[in-house]
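> Okay, here's the structure, questions in a sec.
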Amino acid sequence: IRAANRELRGVDRVTDVLSFPTVQYSPGSTAGSSTKLLQLEWNAEECACFLGDIMISVPQARRQALEYGHMEAREIAYLLAHGLFHLMGYDHEKDWERTAMRHKEEQSLQAVGMARITDEELLQRARDTMKHAYVPYSHYRVGASLLAADGRVFDGCNVENASYGLTNCAERTALFKAVSEGATQFTTLTIAAEGFPPWPCGACRQVLSEFCANLRVLVTHDGKVEQSTLQELLPHSFSPASGVQTVLKGTRND
Ligand code: THU
């Protein structure tokens, strides 16, 4: 891979993955919005569309897996996803491009059960976080763990207050921790409690919808697990995705 990197890109060092897209997407477009262009690449015999080449260094993937503390298969799956998104027109030069690409990579790895953290591990983190709950008034402990698109996990518990109304739910604690650490895209939220399924309250659904239109939400209590999505929990939401932000900005400027 070092030779390929040197000869094809002029960079004389080992790397983990190289991808060579053959489709010339128009600026700002990716495969999903380039149907016509991809039809030109369609190979009826293969019944497939040739998007380009990907080269992965297995020894380098092995080293990285060791460094990150996860399985070699997960690292190779990540590198393959990364290469595939390049072949589909994604890039990571600008900050927002990198965030969007990481989000796609994490989503696709989750879909094939190769996420850096499994659902069960994320559920366990939420259960573990319950023990930090500050609940002298309701005695109802809630723990939440939020998986960011960049692979980081943010945990939160409910923090009650003698004024009652100033209580912060576990989900918002996790979300506010994440946003204040620079994470604004998320893929999965797990919530743990005891006694009954801790589906997020209306306030938390609204606050979450500001950042994650398609968040998966898993709740667990007494060994049981149920699953939904934020879209299902808060349909027709008042959120940036529904264009509300543009309208509000316009109003302020007027
Ligand atoms: N609570 C949460 O932490 N998340 C929710 O979505 C609903 C309620 C907490 C707040 C309070 O400390 C306790 O549960 C009882 O309402």
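Residues in the structure tokens are named by chain (A, B, ... in the order shown) and by number from 1 within that chain; ligands are numbered from 1 in the order shown.
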Go through the chains and note each residue within 10 Å of ligand 1, using only C-alpha atoms and all ligand atoms, then give the set as number ranges by chain.
A: 130, 133-144, 156-161, 164-173, 191-193, 198-205
> Give me the residues near region 226-228 of chain A as a ChimeraX atom specification, where near means some atom within 6 Å (using only C-alpha atoms) and where sequence neighbours in that chain fewer than 5 positions away do not count.
/A:217-219
> Please indicate the distance in Å from CA of Phe85 (chain A) to CA of Glu67 (chain A), rounded to one decimal place.
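For CA of Phe85 (chain A) relative to CA of Glu67 (chain A), the distance reads 23.6 Å.
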> Give the alpha helix (DSSP H) residues of region 77-154 of chain A, as assigned by DSSP on the backbone, as a ChimeraX atom specification.
/A:77-87,95-111,119-129
> I'd like the contact shell of Phe154 (chain A) - 8 Å cut-off, only C-alpha atoms, skipping same-chain residues fewer than 6 positions apart - returned as a list in words.
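What passes the distance filter is Ser145, Leu146, Leu147, Ala148, Ala174, Leu175, Lys177 and Ala178 of chain A.
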> Next, write the just-selected residues to a file, as an mmCIF file, in the first residue's frame, keeping N, CA and C atoms as the atom set.

```
data_model
loop_
_atom_site.group_PDB
_atom_site.id
_atom_site.type_symbol
_atom_site.label_atom_id
_atom_site.label_comp_id
_atom_site.auth_asym_id
_atom_site.auth_seq_id
_atom_site.Cartn_x
_atom_site.Cartn_y
_atom_site.Cartn_z
ATOM 1 N N SER A 145 -27.392 6.729 27.530
ATOM 2 C CA SER A 145 -26.108 6.746 26.815
ATOM 3 C C SER A 145 -26.372 7.070 25.358
ATOM 4 N N LEU A 146 -25.670 8.074 24.887
ATOM 5 C CA LEU A 146 -25.897 8.592 23.545
ATOM 6 C C LEU A 146 -24.666 8.322 22.687
ATOM 7 N N LEU A 147 -24.876 7.605 21.582
ATOM 8 C CA LEU A 147 -23.758 7.280 20.675
ATOM 9 C C LEU A 147 -23.677 8.339 19.573
ATOM 10 N N ALA A 148 -22.552 9.048 19.542
ATOM 11 C CA ALA A 148 -22.366 10.090 18.524
ATOM 12 C C ALA A 148 -21.868 9.464 17.225
ATOM 13 N N ALA A 174 -27.215 13.744 29.007
ATOM 14 C CA ALA A 174 -26.308 13.117 28.028
ATOM 15 C C ALA A 174 -26.154 14.011 26.793
ATOM 16 N N LEU A 175 -27.275 14.523 26.310
ATOM 17 C CA LEU A 175 -27.225 15.346 25.095
ATOM 18 C C LEU A 175 -26.432 16.628 25.326
ATOM 19 N N LYS A 177 -24.127 17.195 27.520
ATOM 20 C CA LYS A 177 -22.705 16.861 27.651
ATOM 21 C C LYS A 177 -22.094 16.713 26.261
ATOM 22 N N ALA A 178 -22.824 16.010 25.384
ATOM 23 C CA ALA A 178 -22.309 15.746 24.030
ATOM 24 C C ALA A 178 -22.116 17.040 23.248
#
```
> Write out as a ChimeraX atom specification all residues of region 100-201 of chain A that backbone DSSP assigns to strand (DSSP E or B).
/A:134,143-148,153-157,159,168,186-193
> Any chance you can output those residues with all heavy atoms as a compact mmCIF listing (two decimals), in the first residue's frame?

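Final output, saved to out_18.txt:
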```
# COMPACT_ATOMS: atom_id res chain seq x y z
N TYR A 134 -29.20 11.37 40.65
CA TYR A 134 -29.40 12.12 41.90
C TYR A 134 -30.90 12.29 42.06
O TYR A 134 -31.53 13.14 41.42
CB TYR A 134 -28.69 13.49 41.79
CG TYR A 134 -28.93 14.34 43.01
CD1 TYR A 134 -28.26 14.08 44.22
CD2 TYR A 134 -29.83 15.40 42.97
CE1 TYR A 134 -28.50 14.86 45.35
CE2 TYR A 134 -30.06 16.19 44.09
CZ TYR A 134 -29.39 15.90 45.27
OH TYR A 134 -29.64 16.66 46.39
N GLY A 143 -30.74 6.26 33.54
CA GLY A 143 -29.41 6.42 32.93
C GLY A 143 -29.60 6.46 31.42
O GLY A 143 -30.46 5.75 30.89
N ALA A 144 -28.83 7.29 30.75
CA ALA A 144 -28.94 7.37 29.28
C ALA A 144 -27.55 7.39 28.68
O ALA A 144 -26.63 7.98 29.25
CB ALA A 144 -29.70 8.63 28.88
N SER A 145 -27.39 6.73 27.53
CA SER A 145 -26.11 6.75 26.81
C SER A 145 -26.37 7.07 25.36
O SER A 145 -27.20 6.43 24.70
CB SER A 145 -25.41 5.40 26.95
OG SER A 145 -25.07 5.19 28.30
N LEU A 146 -25.67 8.07 24.89
CA LEU A 146 -25.90 8.59 23.55
C LEU A 146 -24.67 8.32 22.69
O LEU A 146 -23.56 8.75 23.03
CB LEU A 146 -26.15 10.11 23.67
CG LEU A 146 -26.61 10.89 22.47
CD1 LEU A 146 -27.91 10.33 21.89
CD2 LEU A 146 -26.82 12.36 22.86
N LEU A 147 -24.88 7.60 21.58
CA LEU A 147 -23.76 7.28 20.68
C LEU A 147 -23.68 8.34 19.57
O LEU A 147 -24.62 8.52 18.81
CB LEU A 147 -23.97 5.89 20.07
CG LEU A 147 -22.95 5.42 19.03
CD1 LEU A 147 -21.53 5.36 19.60
CD2 LEU A 147 -23.34 4.06 18.46
N ALA A 148 -22.55 9.05 19.54
CA ALA A 148 -22.37 10.09 18.52
C ALA A 148 -21.87 9.46 17.23
O ALA A 148 -21.28 8.37 17.23
CB ALA A 148 -21.37 11.13 19.03
N VAL A 153 -19.25 8.12 23.03
CA VAL A 153 -20.47 7.86 23.79
C VAL A 153 -20.55 8.85 24.95
O VAL A 153 -19.56 9.09 25.64
CB VAL A 153 -20.49 6.41 24.34
CG1 VAL A 153 -21.72 6.17 25.20
CG2 VAL A 153 -20.44 5.40 23.20
N PHE A 154 -21.73 9.44 25.14
CA PHE A 154 -21.94 10.37 26.24
C PHE A 154 -23.03 9.82 27.15
O PHE A 154 -24.11 9.48 26.69
CB PHE A 154 -22.34 11.75 25.68
CG PHE A 154 -21.28 12.34 24.81
CD1 PHE A 154 -21.25 12.08 23.44
CD2 PHE A 154 -20.26 13.11 25.35
CE1 PHE A 154 -20.25 12.60 22.63
CE2 PHE A 154 -19.25 13.64 24.55
CZ PHE A 154 -19.25 13.38 23.19
N ASP A 155 -22.71 9.72 28.44
CA ASP A 155 -23.65 9.16 29.41
C ASP A 155 -24.25 10.28 30.24
O ASP A 155 -23.59 11.28 30.52
CB ASP A 155 -22.92 8.20 30.35
CG ASP A 155 -22.15 7.12 29.60
OD1 ASP A 155 -22.77 6.40 28.82
OD2 ASP A 155 -20.91 7.03 29.79
N GLY A 156 -25.50 10.07 30.66
CA GLY A 156 -26.13 11.06 31.53
C GLY A 156 -27.11 10.41 32.47
O GLY A 156 -27.66 9.34 32.19
N CYS A 157 -27.32 11.05 33.63
CA CYS A 157 -28.32 10.54 34.58
C CYS A 157 -29.28 11.68 34.89
O CYS A 157 -29.02 12.83 34.53
CB CYS A 157 -27.65 10.04 35.84
SG CYS A 157 -26.77 11.34 36.72
N VAL A 159 -30.85 14.44 37.24
CA VAL A 159 -30.34 15.23 38.36
C VAL A 159 -31.52 16.05 38.88
O VAL A 159 -31.98 16.98 38.20
CB VAL A 159 -29.19 16.16 37.91
CG1 VAL A 159 -28.61 16.92 39.11
CG2 VAL A 159 -28.09 15.37 37.20
N ASN A 168 -33.24 17.85 35.77
CA ASN A 168 -32.80 17.56 34.40
C ASN A 168 -32.89 16.06 34.15
O ASN A 168 -32.36 15.27 34.93
CB ASN A 168 -31.37 18.05 34.18
CG ASN A 168 -31.12 18.40 32.73
OD1 ASN A 168 -31.80 19.27 32.19
ND2 ASN A 168 -30.20 17.72 32.11
N PHE A 186 -25.92 12.14 16.06
CA PHE A 186 -26.03 10.96 16.90
C PHE A 186 -26.74 9.84 16.15
O PHE A 186 -27.55 10.10 15.26
CB PHE A 186 -26.79 11.31 18.18
CG PHE A 186 -26.20 12.51 18.87
CD1 PHE A 186 -26.76 13.77 18.71
CD2 PHE A 186 -25.05 12.39 19.63
CE1 PHE A 186 -26.18 14.89 19.31
CE2 PHE A 186 -24.47 13.49 20.23
CZ PHE A 186 -25.04 14.74 20.08
N THR A 187 -26.45 8.61 16.55
CA THR A 187 -27.10 7.49 15.88
C THR A 187 -28.02 6.70 16.82
O THR A 187 -29.07 6.25 16.41
CB THR A 187 -26.06 6.53 15.26
OG1 THR A 187 -25.21 6.07 16.30
CG2 THR A 187 -25.22 7.21 14.20
N THR A 188 -27.60 6.51 18.07
CA THR A 188 -28.39 5.67 18.98
C THR A 188 -28.42 6.25 20.39
O THR A 188 -27.42 6.76 20.88
CB THR A 188 -27.79 4.25 19.06
OG1 THR A 188 -27.52 3.78 17.74
CG2 THR A 188 -28.72 3.27 19.75
N LEU A 189 -29.60 6.14 21.02
CA LEU A 189 -29.74 6.55 22.42
C LEU A 189 -30.28 5.35 23.20
O LEU A 189 -31.26 4.73 22.77
CB LEU A 189 -30.73 7.71 22.54
CG LEU A 189 -31.18 8.11 23.95
CD1 LEU A 189 -30.04 8.73 24.75
CD2 LEU A 189 -32.35 9.10 23.87
N THR A 190 -29.62 5.00 24.30
CA THR A 190 -30.18 3.95 25.15
C THR A 190 -30.57 4.59 26.48
O THR A 190 -29.89 5.49 26.97
CB THR A 190 -29.18 2.80 25.40
OG1 THR A 190 -27.98 3.34 25.96
CG2 THR A 190 -28.86 2.06 24.12
N ILE A 191 -31.68 4.11 27.06
CA ILE A 191 -32.17 4.66 28.32
C ILE A 191 -32.51 3.49 29.24
O ILE A 191 -33.17 2.53 28.83
CB ILE A 191 -33.44 5.52 28.11
CG1 ILE A 191 -33.24 6.50 26.93
CG2 ILE A 191 -33.79 6.29 29.37
CD1 ILE A 191 -34.54 7.07 26.39
N ALA A 192 -32.04 3.58 30.48
CA ALA A 192 -32.29 2.47 31.42
C ALA A 192 -32.97 2.99 32.69
O ALA A 192 -32.69 4.10 33.15
CB ALA A 192 -30.97 1.80 31.79
N ALA A 193 -33.88 2.18 33.22
CA ALA A 193 -34.54 2.50 34.49
C ALA A 193 -35.05 1.19 35.07
O ALA A 193 -34.81 0.11 34.50
CB ALA A 193 -35.68 3.49 34.26
```
> Nearest residue to Ile1 (chain A) out of A:Cys47, A:Ala183, A:Ile56, A:Val23, using only C-alpha atoms?
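Between A:Cys47, A:Ala183, A:Ile56, A:Val23, the residue approaching Ile1 (chain A) most closely is A:Ile56.
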> CA of Ala77 (chain A) and CA of Gln39 (chain A) are how many Å apart?
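Those two atoms sit 27.0 Å apart.
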